[in-house]
Structures are given as C-alpha cells and as structure tokens.
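S.K.: Sharing upload-v1.txt here; it has compact mmCIF, C-alpha atoms.
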# COMPACT_ATOMS: atom_id res chain seq x y z
CA MET X 1 112.98 134.79 108.25
CA PRO X 2 112.84 132.78 111.51
CA PRO X 3 115.99 131.11 112.82
CA VAL X 4 116.65 127.75 111.20
CA HIS X 5 118.47 124.75 112.62
CA THR X 6 121.24 123.65 110.28
CA GLY X 7 121.52 120.23 111.82
CA ALA X 8 125.08 120.62 113.16
CA PRO X 9 125.31 119.35 116.76
CA VAL X 10 126.12 121.80 119.54
CA ILE X 11 128.86 120.56 121.88
CA THR X 12 128.71 121.91 125.42
CA GLY X 13 131.27 119.84 127.27
CA ALA X 14 130.21 117.81 130.29
CA SER X 15 126.50 118.22 129.74
CA THR X 16 126.86 116.61 126.33
CA ALA X 17 128.78 113.68 127.75
CA SER X 18 125.96 112.93 130.21
CA SER X 19 123.20 113.26 127.61
CA PRO X 20 121.94 110.07 125.98
CA ALA X 21 122.84 109.61 122.34
CA PRO X 22 119.99 110.66 120.04
CA GLU X 23 118.04 107.90 118.37
CA PRO X 24 116.59 108.00 114.86
CA HIS X 25 112.92 108.84 114.62
CA ALA X 26 110.59 105.85 114.62
CA PRO X 27 106.81 105.46 114.25
CA GLY X 28 104.92 106.15 117.48
CA ARG X 29 107.39 108.71 118.81
CA PRO X 30 106.52 112.44 119.04
CA GLY X 31 109.47 113.51 116.89
CA TYR X 32 108.40 111.16 114.12
CA ARG X 33 104.88 112.57 114.15
CA ARG X 34 106.13 116.17 114.02
CA MET X 35 108.58 115.32 111.24
CA SER X 36 105.92 113.51 109.23
CA PHE X 37 103.46 116.37 109.58
CA ALA X 38 106.07 118.99 108.62
CA LEU X 39 107.27 117.11 105.53
CA PHE X 40 103.69 116.28 104.59
CA ALA X 41 103.05 120.04 104.53
CA ALA X 42 106.23 120.58 102.49
CA GLY X 43 105.20 117.90 100.01
CA LEU X 44 101.73 119.39 99.77
CA ALA X 45 103.08 122.87 99.01
CA THR X 46 105.66 121.51 96.55
CA PHE X 47 103.17 119.74 94.30
CA ALA X 48 100.47 122.41 94.68
CA LEU X 49 102.87 125.10 93.46
CA LEU X 50 104.74 123.03 90.90
CA TYR X 51 101.58 122.05 89.03
CA SER X 52 99.46 125.08 89.88
CA THR X 53 98.79 125.93 86.22
CA GLN X 54 98.05 122.39 85.05
CA ALA X 55 94.30 122.38 85.75
CA LEU X 56 94.09 125.93 84.37
CA LEU X 57 95.64 125.25 80.96
CA PRO X 58 92.36 125.44 78.99
CA ALA X 59 91.53 128.76 80.69
CA ILE X 60 95.03 130.12 80.08
CA SER X 61 94.84 129.07 76.42
CA GLY X 62 91.50 130.82 75.98
CA ASP X 63 92.44 134.03 77.79
CA LEU X 64 95.93 134.47 76.30
CA GLY X 65 95.07 133.04 72.86
CA VAL X 66 97.69 130.28 72.84
CA THR X 67 97.64 126.59 71.87
CA ALA X 68 97.70 123.63 74.23
CA GLY X 69 101.38 123.05 73.42
CA GLN X 70 102.28 126.68 74.21
CA ALA X 71 100.27 126.76 77.42
CA SER X 72 101.86 123.48 78.55
CA TRP X 73 105.17 125.35 78.92
CA THR X 74 103.78 126.94 82.09
CA VAL X 75 104.06 123.46 83.57
CA SER X 76 107.13 122.20 81.71
CA ALA X 77 109.18 125.32 82.53
CA ALA X 78 108.68 124.72 86.25
CA THR X 79 109.42 121.00 86.16
CA GLY X 80 112.34 121.47 83.78
CA ALA X 81 113.94 124.13 85.99
CA LEU X 82 113.49 121.87 88.98
CA ALA X 83 115.23 119.05 87.12
CA LEU X 84 118.18 121.34 86.28
CA PHE X 85 118.62 122.86 89.75
CA VAL X 86 117.93 119.91 92.02
CA LEU X 87 121.48 118.54 91.80
CA PRO X 88 123.40 121.78 92.57
CA LEU X 89 121.00 122.65 95.39
CA SER X 90 121.36 119.18 96.86
CA ALA X 91 125.13 119.74 96.88
CA LEU X 92 124.58 122.96 98.81
CA SER X 93 122.42 121.05 101.29
CA GLU X 94 125.40 118.78 102.02
CA ARG X 95 127.29 121.87 103.20
CA PHE X 96 124.62 124.09 104.75
CA GLY X 97 122.06 121.57 106.00
CA ARG X 98 118.87 119.92 104.83
CA THR X 99 116.53 122.02 106.94
CA ARG X 100 118.14 125.30 105.93
CA MET X 101 117.93 124.41 102.24
CA MET X 102 114.29 123.35 102.50
CA THR X 103 113.38 126.51 104.41
CA TRP X 104 114.93 128.95 101.94
CA SER X 105 113.55 127.01 98.97
CA MET X 106 110.06 127.11 100.45
CA ALA X 107 110.29 130.84 101.18
CA ILE X 108 111.43 131.77 97.66
CA ALA X 109 108.89 129.49 95.96
CA VAL X 110 106.02 130.96 97.97
CA GLY X 111 107.28 134.50 97.34
CA VAL X 112 107.28 133.92 93.58
CA ALA X 113 103.85 132.30 93.83
CA LEU X 114 102.48 135.59 95.14
CA LEU X 115 103.78 137.32 91.96
CA VAL X 116 102.65 134.74 89.38
CA PRO X 117 98.97 135.85 89.23
CA PHE X 118 100.14 139.27 88.00
CA ALA X 119 102.11 137.96 84.98
CA PRO X 120 101.07 140.21 82.04
CA ASN X 121 101.50 137.60 79.29
CA LEU X 122 102.52 134.01 78.56
CA GLU X 123 106.23 134.84 78.33
CA TRP X 124 106.36 136.37 81.82
CA LEU X 125 104.21 133.57 83.19
CA VAL X 126 106.66 130.97 81.84
CA VAL X 127 109.67 132.89 83.24
CA LEU X 128 108.15 133.20 86.73
CA ARG X 129 107.17 129.55 86.68
CA ALA X 130 110.76 128.58 85.78
CA VAL X 131 112.09 130.62 88.73
CA GLN X 132 109.53 128.95 90.96
CA GLY X 133 110.56 125.50 89.78
CA ALA X 134 114.22 126.29 90.43
CA ALA X 135 113.37 127.35 94.00
CA ILE X 136 111.27 124.25 94.63
CA ALA X 137 114.26 122.13 93.56
CA GLY X 138 115.80 122.55 97.01
CA ILE X 139 112.99 120.65 98.70
CA PRO X 140 112.60 117.09 97.29
CA ALA X 141 116.20 115.83 97.35
CA SER X 142 116.93 117.51 100.70
CA ALA X 143 113.78 115.98 102.16
CA MET X 144 114.74 112.49 100.99
CA ALA X 145 118.27 112.85 102.40
CA TYR X 146 116.88 114.27 105.66
CA LEU X 147 114.60 111.25 106.06
CA ALA X 148 117.40 108.79 105.23
CA GLU X 149 119.54 110.35 107.98
CA GLU X 150 116.91 110.94 110.65
CA VAL X 151 114.57 107.92 110.40
CA GLN X 152 115.17 104.31 111.42
CA PRO X 153 115.94 102.22 108.29
CA ARG X 154 112.96 99.93 108.81
CA ALA X 155 110.63 102.95 108.79
CA LEU X 156 112.22 104.73 105.81
CA VAL X 157 109.87 103.50 103.06
CA ALA X 158 106.85 104.43 105.19
CA ALA X 159 108.29 107.88 105.98
CA ILE X 160 109.05 108.61 102.32
CA GLY X 161 105.62 107.27 101.46
CA LEU X 162 104.08 109.92 103.75
CA PHE X 163 106.13 112.64 102.06
CA VAL X 164 104.98 111.39 98.65
CA ALA X 165 101.44 111.26 100.04
CA GLY X 166 101.82 114.98 100.77
CA ASN X 167 102.76 115.39 97.11
CA SER X 168 99.56 113.67 96.06
CA ILE X 169 97.39 115.74 98.42
CA GLY X 170 99.13 118.88 97.16
CA GLY X 171 98.55 117.90 93.56
CA MET X 172 94.90 117.24 94.30
CA SER X 173 94.12 120.22 96.51
CA GLY X 174 96.10 122.63 94.35
CA ARG X 175 94.16 121.70 91.26
CA LEU X 176 90.86 121.62 93.15
CA VAL X 177 91.44 125.07 94.62
CA THR X 178 92.65 126.59 91.35
CA GLY X 179 89.79 125.02 89.39
CA TRP X 180 86.96 126.41 91.50
CA ALA X 181 88.70 129.74 92.15
CA ALA X 182 89.23 130.08 88.38
CA GLN X 183 85.57 129.34 87.70
CA LEU X 184 84.65 132.17 90.08
CA GLY X 185 87.32 134.72 89.20
CA GLY X 186 89.49 133.51 86.32
CA TRP X 187 92.80 131.68 86.18
CA ARG X 188 94.65 134.49 87.95
CA ALA X 189 92.36 134.11 90.97
CA GLY X 190 93.09 130.38 90.88
CA LEU X 191 96.84 130.99 91.07
CA ALA X 192 96.38 133.50 93.91
CA ALA X 193 94.38 130.95 95.88
CA VAL X 194 97.03 128.24 95.59
CA ALA X 195 99.71 130.75 96.62
CA ALA X 196 97.78 131.45 99.83
CA MET X 197 97.48 127.73 100.52
CA ALA X 198 101.23 127.23 99.99
CA LEU X 199 101.97 130.10 102.39
CA ALA X 200 99.96 128.35 105.12
CA CYS X 201 101.87 125.09 104.45
CA ALA X 202 105.19 126.91 104.72
CA VAL X 203 104.27 128.23 108.17
CA VAL X 204 103.33 124.72 109.33
CA PHE X 205 106.62 123.37 107.98
CA LEU X 206 108.71 125.98 109.81
CA VAL X 207 106.93 125.43 113.11
CA MET X 208 106.79 121.63 113.10
CA LEU X 209 110.04 120.33 111.54
CA PRO X 210 112.41 118.83 114.16
CA ARG X 211 116.02 119.89 114.03
CA ALA X 212 118.37 117.51 112.20
CA ARG X 213 120.43 115.47 114.68
CA PHE X 214 122.51 113.25 112.40
CA PHE X 215 123.51 115.67 109.64
CA ARG X 216 127.24 116.30 109.34
CA PRO X 217 128.25 119.17 107.06
CA ALA X 218 130.59 118.31 104.21
CA SER X 219 132.98 120.65 102.43
CA LEU X 220 131.62 122.23 99.27
CA ASN X 221 134.10 120.69 96.87
CA PRO X 222 132.90 120.63 93.24
CA ARG X 223 135.37 117.87 92.35
CA ALA X 224 134.20 115.72 95.25
CA VAL X 225 130.58 116.30 94.25
CA GLY X 226 131.48 115.39 90.67
CA ARG X 227 133.10 112.14 91.83
CA THR X 228 130.05 111.31 93.95
CA VAL X 229 127.69 111.97 91.05
CA ALA X 230 129.86 109.95 88.67
CA GLY X 231 129.86 107.07 91.15
CA HIS X 232 126.07 107.11 91.32
CA LEU X 233 125.83 107.19 87.52
CA ARG X 234 128.05 104.10 87.34
CA ASP X 235 125.78 102.17 89.69
CA PRO X 236 123.54 99.94 87.51
CA LEU X 237 120.76 99.71 90.11
CA LEU X 238 120.60 103.48 90.61
CA LEU X 239 120.53 104.03 86.85
CA ARG X 240 117.59 101.66 86.53
CA LEU X 241 115.75 103.43 89.34
CA TYR X 242 116.36 106.82 87.69
CA GLY X 243 114.99 105.49 84.42
CA ILE X 244 111.92 104.07 86.15
CA GLY X 245 111.20 107.38 87.89
CA ALA X 246 111.54 109.33 84.63
CA LEU X 247 109.26 106.99 82.69
CA PHE X 248 106.58 106.81 85.38
CA MET X 249 106.51 110.61 85.46
CA THR X 250 106.34 110.80 81.66
CA VAL X 251 103.07 108.89 81.90
CA PHE X 252 101.73 111.07 84.68
CA GLY X 253 102.82 114.33 83.06
CA ALA X 254 101.23 113.44 79.74
CA VAL X 255 97.92 112.32 81.24
CA TYR X 256 97.33 115.13 83.70
CA THR X 257 98.59 117.93 81.45
CA VAL X 258 96.14 116.98 78.71
CA ILE X 259 93.11 115.60 80.57
CA GLY X 260 91.70 119.09 81.17
CA TYR X 261 91.62 119.80 77.42
CA ARG X 262 89.86 116.50 76.76
CA LEU X 263 87.19 117.12 79.38
CA VAL X 264 86.51 120.72 78.35
CA ASP X 265 85.96 119.57 74.74
CA GLU X 266 82.96 117.72 73.30
CA PRO X 267 81.28 115.42 74.26
CA PHE X 268 81.99 116.29 77.92
CA SER X 269 82.11 120.12 77.93
CA LEU X 270 82.86 120.26 81.67
CA GLY X 271 83.38 123.54 83.53
CA GLN X 272 86.70 124.59 85.04
CA GLY X 273 85.57 123.83 88.60
CA VAL X 274 84.34 120.34 87.72
CA ILE X 275 87.60 119.62 85.88
CA GLY X 276 89.51 120.75 88.98
CA SER X 277 87.39 118.35 91.05
CA ILE X 278 88.60 115.46 88.86
CA PHE X 279 91.91 115.82 90.68
CA LEU X 280 90.29 114.52 93.87
CA ILE X 281 91.48 111.26 92.36
CA TYR X 282 94.90 112.18 93.81
CA LEU X 283 93.55 110.88 97.14
CA VAL X 284 94.02 107.42 95.65
CA GLY X 285 97.70 108.27 95.23
CA THR X 286 97.88 109.26 98.90
CA VAL X 287 96.71 105.78 99.89
CA SER X 288 98.86 103.86 97.39
CA SER X 289 102.07 105.77 98.19
CA ALA X 290 101.58 105.45 101.95
CA ALA X 291 100.97 101.70 101.51
CA ALA X 292 104.10 101.22 99.38
CA GLY X 293 106.14 99.98 102.36
CA LYS X 294 103.71 97.13 103.07
CA LEU X 295 103.56 96.28 99.38
CA VAL X 296 107.35 95.97 99.16
CA ALA X 297 107.38 93.82 102.31
CA ARG X 298 104.94 91.38 100.72
CA THR X 299 106.07 91.26 97.10
CA GLY X 300 109.61 92.67 97.05
CA ARG X 301 110.66 95.84 95.23
CA ARG X 302 110.39 94.42 91.72
CA GLY X 303 107.09 92.70 92.50
CA ALA X 304 105.70 96.03 93.70
CA LEU X 305 106.91 97.73 90.51
CA TYR X 306 105.28 95.07 88.31
CA LEU X 307 101.99 95.59 90.14
CA ALA X 308 102.27 99.38 89.84
CA VAL X 309 103.03 99.33 86.12
CA THR X 310 100.25 96.84 85.37
CA THR X 311 97.75 99.03 87.21
CA THR X 312 98.94 102.10 85.30
CA ALA X 313 98.68 100.40 81.90
CA LEU X 314 95.15 99.16 82.60
CA GLY X 315 94.14 102.68 83.59
CA LEU X 316 95.52 104.11 80.34
CA LEU X 317 93.52 101.64 78.28
CA LEU X 318 90.32 102.42 80.19
CA SER X 319 90.84 106.15 79.64
CA LEU X 320 90.33 105.64 75.89
CA SER X 321 86.61 105.17 76.53
CA ASP X 322 84.07 107.90 75.73
CA SER X 323 82.28 107.18 79.01
CA LEU X 324 83.12 109.74 81.72
CA VAL X 325 82.70 107.10 84.44
CA THR X 326 85.18 104.77 82.70
CA ILE X 327 87.63 107.62 82.16
CA VAL X 328 87.50 108.46 85.87
CA LEU X 329 88.12 104.80 86.72
CA GLY X 330 91.08 104.82 84.35
CA LEU X 331 92.49 107.93 86.08
CA VAL X 332 92.07 106.21 89.45
CA LEU X 333 94.18 103.26 88.29
CA ILE X 334 96.81 105.48 86.62
CA THR X 335 97.15 107.55 89.79
CA ALA X 336 97.35 104.55 92.12
CA GLY X 337 99.95 102.83 89.96
CA PHE X 338 102.05 105.95 89.48
CA PHE X 339 102.28 106.97 93.14
CA ALA X 340 103.01 103.42 94.29
CA GLY X 341 105.77 103.06 91.69
CA HIS X 342 107.25 106.45 92.56
CA ALA X 343 107.31 105.73 96.31
CA VAL X 344 108.98 102.34 95.75
CA ALA X 345 111.63 103.67 93.36
CA SER X 346 112.49 106.80 95.38
CA ALA X 347 112.81 104.82 98.63
CA ALA X 348 115.05 102.29 96.85
CA VAL X 349 117.35 105.14 95.78
CA SER X 350 117.72 106.35 99.38
CA ARG X 351 118.48 102.83 100.61
CA THR X 352 120.88 101.96 97.76
CA ALA X 353 123.10 105.05 98.10
CA LYS X 354 125.47 104.58 101.04
CA THR X 355 127.23 107.92 100.53
CA GLY X 356 126.18 111.15 98.87
CA ARG X 357 122.51 110.45 99.51
CA ALA X 358 121.46 113.99 98.65
CA GLN X 359 123.14 113.68 95.24
CA ALA X 360 121.60 110.24 94.68
CA SER X 361 118.14 111.60 95.50
CA ALA X 362 118.81 114.70 93.40
CA LEU X 363 119.66 112.60 90.35
CA TYR X 364 116.42 110.69 90.84
CA GLN X 365 114.44 113.92 91.19
CA SER X 366 116.17 115.35 88.11
CA ALA X 367 115.25 112.31 86.01
CA TYR X 368 111.76 112.29 87.50
CA TYR X 369 110.98 115.92 86.63
CA LEU X 370 112.63 115.73 83.22
CA GLY X 371 110.15 112.92 82.62
CA SER X 372 107.37 115.25 83.74
CA SER X 373 108.49 117.99 81.35
CA ALA X 374 108.83 115.54 78.48
CA GLY X 375 105.49 113.91 79.21
CA GLY X 376 103.62 117.21 79.51
CA THR X 377 105.05 118.68 76.32
CA LEU X 378 104.85 115.52 74.20
CA GLY X 379 101.42 114.67 75.53
CA ALA X 380 100.06 118.13 74.67
CA LEU X 381 101.62 118.10 71.19
CA ALA X 382 100.23 114.62 70.53
CA TYR X 383 96.76 115.70 71.65
CA HIS X 384 96.89 118.77 69.42
CA GLU X 385 97.85 116.64 66.42
CA ALA X 386 95.84 113.44 66.88
CA GLY X 387 93.71 113.56 70.03
CA TRP X 388 93.66 111.63 73.29
CA ALA X 389 94.56 108.27 71.73
CA ALA X 390 97.93 109.74 70.67
CA THR X 391 98.58 110.97 74.21
CA VAL X 392 97.77 107.51 75.58
CA GLY X 393 100.11 105.99 72.97
CA ILE X 394 103.03 108.04 74.29
CA ALA X 395 102.16 107.06 77.86
CA LEU X 396 102.01 103.37 76.96
CA LEU X 397 105.47 103.58 75.37
CA ALA X 398 106.77 104.92 78.68
CA VAL X 399 105.02 102.07 80.53
CA LEU X 400 106.74 99.59 78.22
CA GLY X 401 110.04 101.21 79.15
CA VAL X 402 109.37 100.66 82.87
CA VAL X 403 108.54 97.01 82.22
CA SER X 404 111.72 96.54 80.19
CA ILE X 405 113.94 98.09 82.87
CA THR X 406 112.31 96.06 85.64
CA LEU X 407 112.63 92.81 83.67
CA TYR X 408 116.29 93.56 83.02
CA GLY X 409 116.79 94.18 86.74
CA THR X 410 115.13 90.87 87.57
CA HIS X 411 117.42 88.95 85.18
CA ALA X 412 120.49 90.83 86.46
CA ALA X 413 119.62 89.95 90.07
CA ARG X 414 119.19 86.27 89.18
CA ALA X 415 122.52 86.24 87.38
CA GLN X 416 124.17 87.88 90.39
CA ARG X 417 122.81 85.17 92.69
CA ARG X 418 124.15 82.43 90.39
CA ILE X 419 127.72 83.78 90.44
CA PRO X 420 128.61 82.71 94.03
CA ALA X 421 127.16 79.22 93.39
CA SER X 422 129.24 78.85 90.22
CA ALA X 423 132.34 80.07 92.01
CA ALA X 424 131.78 77.58 94.82
CA GLY X 425 131.38 74.75 92.28
CA ALA X 426 134.68 75.73 90.61
CA ARG X 427 136.46 75.43 93.90
Output the file's structure as structure tokens, nothing else.

M.R.:
Amino acid sequence: MPPVHTGAPVITGASTASSPAPEPHAPGRPGYRRMSFALFAAGLATFALLYSTQALLPAISGDLGVTAGQASWTVSAATGALALFVLPLSALSERFGRTRMMTWSMAIAVGVALLVPFAPNLEWLVVLRAVQGAAIAGIPASAMAYLAEEVQPRALVAAIGLFVAGNSIGGMSGRLVTGWAAQLGGWRAGLAAVAAMALACAVVFLVMLPRARFFRPASLNPRAVGRTVAGHLRDPLLLRLYGIGALFMTVFGAVYTVIGYRLVDEPFSLGQGVIGSIFLIYLVGTVSSAAAGKLVARTGRRGALYLAVTTTALGLLLSLSDSLVTIVLGLVLITAGFFAGHAVASAAVSRTAKTGRAQASALYQSAYYLGSSAGGTLGALAYHEAGWAATVGIALLAVLGVVSITLYGTHAARAQRRIPASAAGAR
C-alpha cells in the first residue's frame, strides 16, 4: 500500500510562517484538474463495481437456475451493505482523513472484486457482493466531504457534478464491459473484466489525488457523532433531500435492474452484449450531472428538481412502448432526469450542513442506496409477477414522492419568507 496523505497539516516553524496560506481548489487551477480527474476515476470504479452484476442478471439466472428476484440480491446486497456502512465509515473519516478512508475502501473493494468471479454459487456471490458494498461505502461520503472542504463554494456543485459524472461513466462502462465479456466468456468473465478496469481506476486515483489541505481531524467520540447525526435528522431541509435521493434511486434501481430481463425476453430477444451496450445511455447522465450547476444557477434548486422529475416521469411512460427505439428514448430521459436530480440534491446536502459534513453526506448516501436496494428488489419482484408495466408503476410512485417532497419544500420556503414580513408588520 503506498503512503497516503491524511490531510493533517505539517508544521515546520519559520518556513510555515513564510508560506502563503493555501487556497481552495478552483476551476482552471492544476490542483482542481488533478482532483477532478482522481475523483472521476474513483466515481467510475465505485459505480462499475457496485453494479457489476446488474447487466448480467439474466445470465446469472440462467446459469445458476435462480429467479429474477433471487438474482437481484447480487445487486441489492451490495447497495444495502453500502447503505448500512456509509455512516460509520464516514465517522472514521472524520478522525483518520478523507483520503485515507477513500484509499483503503478502494483497495478492499478492488481486492474483493478479484475474488467475485470465482464464487461457487449464488449464496457466496451475494456474500462477496455484500462485503464489496461495505468496502465501497467509504468512498462516496468521504468524497463529498473532501470536496466541500477543498473546493471553493462557488465551484462545489460543478465539482460534485464531475464526481457524479464519474459514477455515470462507471455505470455505463462497467455494464458495457461485463455485457460483451459475458457474451464471449460467460458472466464470470464479465465480472473479471470489470475488476481489472476498477484496478486501473484505483491506480489513477492514488497517483492523482491532491493531499487534503483543510481537513482537521476530530476525536472519534460515538456520543458526539450521535449528536451530529441527530442534529442532521432534525433538519427539515436535510430530511427532504434524503427523501429525494432515496426516491430518485428507487426509480433508477427498479428500471436498470429489470431492463435486462425485458430486453432478453420476447419480442426483443437481445444478446448479452447488446443489452450491455444499452447502458451507453449513461453518457447522457454524465452530461446532465455535470450541467447541474448551471441548471441550478438558472432555475434554482427546486426548479432544477422539478425539471429532473418531469423528465424522469416522461421517460418512464415512454418505456411502456413495445418499440425498442421508444424504449431507448425513455431510458435516455430517465437517466438524464435521475443524474441531474441526484447531483442537485447531493450538492445541496453538502452546502446545507455547516458541521459534520461527512455524516450529512453519509446519511444522504445511506438513504440513496437504500432506495437502490428497495427499487431493485421491488422492481424485480413486480416484473416477475406482472411484467414491465408493474415495474414502471413502482417507479412512478417514487416519482410522485419526489414531487410531493419538493412541493412541500416550496410551500415551506414561501412560509418562511412571509414570517419576517409579518413580524415587521406586528411591530
């Protein structure tokens, strides 16, 4: 394991006094470019590994003789473990450093990825995937907190958007690689290929990530962490953002867990490689997440969320068609809406939390990946019982939930603005 910067400043007396104070990273500066490239690689590896079995579910079902609902646990176990471990690992990052946590998490996740192709049965595959998800949990919340500390506030949404863009590229390339590798050598070959890709990303991350300059280690006090978490859970805005993240991911988990089964069935009967190529649509998510900062600047946070949720709902309705072209268009809209909504909500969490940012981001990630687990499992069960229309029905219910939360937030903000005016009138 190469040496890792923990982020704690080194004090060397007079030389430190004469050195200029460090400035947060900003677009156009070399440190910002290195940081963006490193976290892009981390985001790519995170999503590629986390969802590595998703495009392979029909092949896993056929080879191991299991149903869609049973095979979906190879995805839900990873996302569920991530949701459970993201909060405790974020607390450790407050003590030991963001970069150290991300480095060890990446190393363990890649190590497990090299073992996953050799799982002898579904049970072992699910167990290894759960361990992998738990390891990956150290990356997202630590990355968000790292960015909030190291990047100028005006550039934060754009920086997080680039990290989320890495997620989308990882989701796309991981499924593309596994799909074609599986068509050539089976689903185990697909998982081996994505493990090799994640290993390359991990090397890039270790080489490129700048040391943290503004991190200050905190004592590892469970009671203090509990108070911080409780404070975040009492914040109405943070609670709404957590709910939005969970519901958006319920939609995404349901759609992309099940779409492979729909396309391998009649009347499409697509091969595993072609189904993997469908995930090139993730490139749309790369664009929409990276553009989230400009969207918020033009329409405001809630305006951006309304646009994202409308786009997602329209895509779901189009996906009900029996035309492959229309289905692909629907997936494009679902993907664009989801990634834009996720980038807006996750950036709002980082900006809203003034203290305990790692815990605030961890709670968001926990809700987000619980939504993924719920969406994947419920979507697969619905498809097994009643087909694609039932899966879309579950996704539309989640969309309705996002709309309800956003509308409530809009009314709450208007009421908040009226309070000072009423108080002034009373005086």

S.K.: Between X:Pro267, X:Gly376, X:Val258, X:Pro236, which is the closest to X:Ala413 once you count only C-alpha atoms?

M.R.: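 Nearest to X:Ala413: X:Pro236.
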
S.K.: Find the residue from X:Leu331, X:Leu115, X:Val344, X:Ala145 that sits nearest to X:Gly97; use all atoms listed in the file when measuring.

M.R.: X:Ala145

S.K.: Provide the atom CA of X:Val164 to atom CA of X:Leu191 distance in Å, to one decimal place.

M.R.: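 Rounded to one decimal, the two atoms are 22.5 Å apart.
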
S.K.: Find the spatial neighbours of X:Leu305, counting only C-alpha atoms, within a cut-off of 10 Å - ignore same-chain residues fewer than 5 positions away - and output them as a PyMOL selection string.

M.R.: chain X and resi 244+292+295-296+299-300+310-311+337-338+340-345+402-403+406

S.K.: Take the residues just selected and output them with C-alpha atoms as a short mmCIF file (atom, residue, chain, number, x, y, z; two decimals), keeping the file's coordinate frame.

M.R.:
data_model
loop_
_atom_site.label_atom_id
_atom_site.label_comp_id
_atom_site.auth_asym_id
_atom_site.auth_seq_id
_atom_site.Cartn_x
_atom_site.Cartn_y
_atom_site.Cartn_z
CA ILE X 244 111.92 104.07 86.15
CA ALA X 292 104.10 101.22 99.38
CA LEU X 295 103.56 96.28 99.38
CA VAL X 296 107.35 95.97 99.16
CA THR X 299 106.07 91.26 97.10
CA GLY X 300 109.61 92.67 97.05
CA THR X 310 100.25 96.84 85.37
CA THR X 311 97.75 99.03 87.21
CA GLY X 337 99.95 102.83 89.96
CA PHE X 338 102.05 105.95 89.48
CA ALA X 340 103.01 103.42 94.29
CA GLY X 341 105.77 103.06 91.69
CA HIS X 342 107.25 106.45 92.56
CA ALA X 343 107.31 105.73 96.31
CA VAL X 344 108.98 102.34 95.75
CA ALA X 345 111.63 103.67 93.36
CA VAL X 402 109.37 100.66 82.87
CA VAL X 403 108.54 97.01 82.22
CA THR X 406 112.31 96.06 85.64
#

S.K.: Using only C-alpha atoms, collect all residues at a distance of at most 10 Å from (108.2, 125.3, 83.3) as written in the file, then present them as a list in words.

M.R.: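 With a cut-off of 10 Å, the residues come to Leu50, Tyr51, Thr53, Ala71, Ser72, Trp73, Thr74, Val75, Ser76, Ala77, Ala78, Thr79, Gly80, Ala81, Leu82, Leu125, Val126, Val127, Leu128, Arg129, Ala130, Val131, Gln132, Gly133, Ala134 and Ser373 of chain X.
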
S.K.: Can you rebuild stretch 239-245 of chain X with all heavy atoms and give it as an mmCIF file, in the coordinates of the input?

M.R.:
data_model
loop_
_atom_site.group_PDB
_atom_site.id
_atom_site.type_symbol
_atom_site.label_atom_id
_atom_site.label_comp_id
_atom_site.auth_asym_id
_atom_site.auth_seq_id
_atom_site.Cartn_x
_atom_site.Cartn_y
_atom_site.Cartn_z
ATOM 1 N N LEU X 239 120.917 103.613 88.205
ATOM 2 C CA LEU X 239 120.530 104.030 86.850
ATOM 3 C C LEU X 239 119.162 103.487 86.474
ATOM 4 O O LEU X 239 118.343 104.188 85.865
ATOM 5 C CB LEU X 239 121.586 103.568 85.841
ATOM 6 C CG LEU X 239 122.886 104.371 85.778
ATOM 7 C CD1 LEU X 239 123.851 103.734 84.782
ATOM 8 C CD2 LEU X 239 122.613 105.815 85.389
ATOM 9 N N ARG X 240 118.915 102.236 86.835
ATOM 10 C CA ARG X 240 117.590 101.660 86.530
ATOM 11 C C ARG X 240 116.491 102.394 87.296
ATOM 12 O O ARG X 240 115.412 102.666 86.749
ATOM 13 C CB ARG X 240 117.576 100.167 86.866
ATOM 14 C CG ARG X 240 118.446 99.321 85.945
ATOM 15 C CD ARG X 240 118.107 97.849 86.040
ATOM 16 N NE ARG X 240 118.397 97.291 87.353
ATOM 17 C CZ ARG X 240 119.564 96.746 87.697
ATOM 18 N NH1 ARG X 240 120.571 96.713 86.834
ATOM 19 N NH2 ARG X 240 119.733 96.229 88.898
ATOM 20 N N LEU X 241 116.752 102.716 88.549
ATOM 21 C CA LEU X 241 115.750 103.430 89.340
ATOM 22 C C LEU X 241 115.490 104.825 88.784
ATOM 23 O O LEU X 241 114.345 105.304 88.768
ATOM 24 C CB LEU X 241 116.200 103.516 90.801
ATOM 25 C CG LEU X 241 116.246 102.180 91.551
ATOM 26 C CD1 LEU X 241 116.931 102.344 92.900
ATOM 27 C CD2 LEU X 241 114.851 101.606 91.728
ATOM 28 N N TYR X 242 116.549 105.502 88.312
ATOM 29 C CA TYR X 242 116.360 106.820 87.690
ATOM 30 C C TYR X 242 115.498 106.711 86.442
ATOM 31 O O TYR X 242 114.611 107.537 86.194
ATOM 32 C CB TYR X 242 117.712 107.445 87.333
ATOM 33 C CG TYR X 242 118.620 107.707 88.523
ATOM 34 C CD1 TYR X 242 120.006 107.738 88.362
ATOM 35 C CD2 TYR X 242 118.103 107.902 89.796
ATOM 36 C CE1 TYR X 242 120.843 107.976 89.447
ATOM 37 C CE2 TYR X 242 118.944 108.127 90.882
ATOM 38 C CZ TYR X 242 120.310 108.159 90.696
ATOM 39 O OH TYR X 242 121.145 108.387 91.759
ATOM 40 N N GLY X 243 115.777 105.689 85.638
ATOM 41 C CA GLY X 243 114.990 105.490 84.420
ATOM 42 C C GLY X 243 113.529 105.196 84.735
ATOM 43 O O GLY X 243 112.619 105.715 84.072
ATOM 44 N N ILE X 244 113.289 104.394 85.767
ATOM 45 C CA ILE X 244 111.920 104.070 86.150
ATOM 46 C C ILE X 244 111.173 105.320 86.610
ATOM 47 O O ILE X 244 110.017 105.559 86.225
ATOM 48 C CB ILE X 244 111.922 102.989 87.252
ATOM 49 C CG1 ILE X 244 112.318 101.637 86.651
ATOM 50 C CG2 ILE X 244 110.567 102.895 87.954
ATOM 51 C CD1 ILE X 244 112.579 100.562 87.682
ATOM 52 N N GLY X 245 111.835 106.143 87.435
ATOM 53 C CA GLY X 245 111.200 107.380 87.890
ATOM 54 C C GLY X 245 110.856 108.301 86.735
ATOM 55 O O GLY X 245 109.758 108.886 86.690
#
